[in-house]
$ cat structure-v2.cif   # mmCIF, C-alpha atoms
data_structure
loop_
_atom_site.label_atom_id
_atom_site.label_comp_id
_atom_site.auth_asym_id
_atom_site.auth_seq_id
_atom_site.Cartn_x
_atom_site.Cartn_y
_atom_site.Cartn_z
CA MET C 1 9.63 -5.87 -27.01
CA GLN C 2 7.34 -3.20 -28.38
CA ALA C 3 6.98 0.03 -26.44
CA GLY C 4 3.20 -0.33 -26.11
CA PHE C 5 3.33 -3.92 -24.81
CA ALA C 6 4.02 -3.05 -21.15
CA GLN C 7 1.57 -0.14 -21.16
CA LYS C 8 -1.38 -2.50 -20.60
CA TRP C 9 -0.41 -2.97 -16.95
CA ILE C 10 0.44 0.69 -16.23
CA ASP C 11 -2.68 2.49 -17.47
CA THR C 12 -6.12 1.67 -16.05
CA LEU C 13 -7.87 -0.05 -18.94
CA TYR C 14 -10.39 -2.23 -17.15
CA GLY C 15 -12.82 -2.03 -14.31
CA PHE C 16 -12.75 -4.74 -11.68
CA GLN C 17 -15.16 -6.93 -9.81
CA LYS C 18 -14.81 -7.84 -6.16
CA ILE C 19 -15.96 -11.09 -4.60
CA PRO C 20 -15.91 -10.30 -0.87
CA ASP C 21 -15.47 -12.78 1.98
CA MET C 22 -14.81 -15.88 -0.12
CA ALA C 23 -14.15 -18.85 2.16
CA TYR C 24 -10.91 -20.58 1.18
CA GLY C 25 -10.21 -22.83 4.14
CA SER C 26 -10.49 -23.34 7.87
CA ALA C 27 -8.16 -23.47 10.83
CA ILE C 28 -8.24 -24.04 14.56
CA ASP C 29 -7.47 -20.87 16.53
CA PHE C 30 -5.54 -20.60 19.81
CA SER C 31 -8.72 -21.23 21.81
CA GLY C 32 -9.31 -24.53 19.99
CA ASN C 33 -12.23 -23.19 17.95
CA GLN C 34 -12.66 -23.99 14.26
CA ARG C 35 -12.56 -20.76 12.20
CA VAL C 36 -13.42 -20.24 8.55
CA LEU C 37 -10.76 -18.28 6.65
CA HIS C 38 -11.93 -15.63 4.15
CA LEU C 39 -10.40 -13.52 1.41
CA ASP C 40 -11.54 -10.80 -0.99
CA LEU C 41 -10.92 -11.70 -4.63
CA TYR C 42 -10.54 -8.97 -7.28
CA GLY C 43 -10.45 -9.56 -11.03
CA PRO C 44 -10.61 -7.41 -14.17
CA VAL C 45 -13.86 -7.02 -16.09
CA GLY C 46 -13.76 -7.12 -19.88
CA ASP C 47 -10.23 -8.54 -20.16
CA THR C 48 -9.26 -11.76 -21.90
CA ILE C 49 -6.58 -13.96 -20.39
CA THR C 50 -3.61 -14.33 -22.73
CA SER C 51 -1.59 -17.52 -23.07
CA CYS C 52 1.00 -16.18 -20.60
CA GLY C 53 -1.67 -15.40 -17.97
CA ARG C 54 -1.79 -12.17 -15.99
CA PRO C 55 0.04 -10.71 -12.98
CA LEU C 56 -0.95 -11.81 -9.49
CA LEU C 57 -0.72 -9.74 -6.32
CA ILE C 58 -1.29 -11.23 -2.89
CA ALA C 59 -1.65 -8.80 0.03
CA ILE C 60 -1.61 -10.32 3.52
CA HIS C 61 -2.23 -8.31 6.68
CA GLY C 62 -0.05 -8.69 9.73
CA GLY C 63 -1.16 -9.78 13.17
CA ALA C 64 1.12 -12.70 14.00
CA PHE C 65 -1.91 -15.01 13.83
CA LEU C 66 -3.16 -13.43 17.07
CA GLY C 67 -5.26 -10.57 15.81
CA GLY C 68 -6.00 -8.32 12.92
CA SER C 69 -8.41 -8.35 10.04
CA LYS C 70 -8.31 -8.22 6.25
CA SER C 71 -10.61 -5.18 6.57
CA ALA C 72 -8.34 -3.14 8.83
#
$ encode --input "structure-v2.cif" --output "structure tokens"
Amino acid sequence: MQAGFAQKWIDTLYGFQKIPDMAYGSAIDFSGNQRVLHLDLYGPVGDTITSCGRPLLIAIHGGAFLGGSKSA
């Protein structure tokens, strides 16, 4: 492996775009109400996807399915 190969993911080379509040599914809450589930999606701007793809990070807040928010 070349020394500069891993550097792409350490240094900030690209800006990013955010798609806020994207609906990805629905669920019934503890009160029996149907709720739409949302996420914020971030992706690099000006990058090309290589044949091996790119890293993925999924951050999930706590709350034990009783409370909490992706914003908090």
$ atom_distance --input "structure-v2.cif" --atom1 "atom CA of Thr12 of chain C" --atom2 "atom CA of Tyr24 of chain C"
28.5 Å
$ atom_distance --input "structure-v2.cif" --atom1 "atom CA of Val36 of chain C" --atom2 "atom CA of Gly53 of chain C"
29.4 Å
$ closest_residue --input "structure-v2.cif" --among "C:Ile60, C:Leu66, C:Ala23, C:Leu13" --to "Asp47 of chain C" --atoms "all atoms listed in the file"
C:Leu13
$ closest_atom_pairs --input "structure-v2.cif" --of "segment 39-71 of chain C" --to "segment 14-20 of chain C" --cutoff "9 Å" --atoms "all atoms listed in the file" --output "CSV"
residue,atom,partner,partner_atom,distance
C:Leu39,CA,C:Pro20,CA,6.8
C:Asp40,CA,C:Pro20,CA,4.4
C:Leu41,CA,C:Ile19,CA,5.1
C:Tyr42,CA,C:Lys18,CA,4.6
C:Gly43,CA,C:Phe16,CA,5.4
C:Pro44,CA,C:Phe16,CA,4.2
C:Val45,CA,C:Phe16,CA,5.1
C:Gly46,CA,C:Tyr14,CA,6.5
C:Asp47,CA,C:Tyr14,CA,7.0
$ atom_distance --input "structure-v2.cif" --atom1 "atom CA of Gly25 of chain C" --atom2 "atom CA of Thr50 of chain C"
28.9 Å
$ residues_around --input "structure-v2.cif" --residues "His61 of chain C" --least-positions-apart "4" --cutoff "9 Å" --atoms "all atoms listed in the file" --output "JSON, numbers by chain"
{"C": [68, 69, 70, 71, 72]}
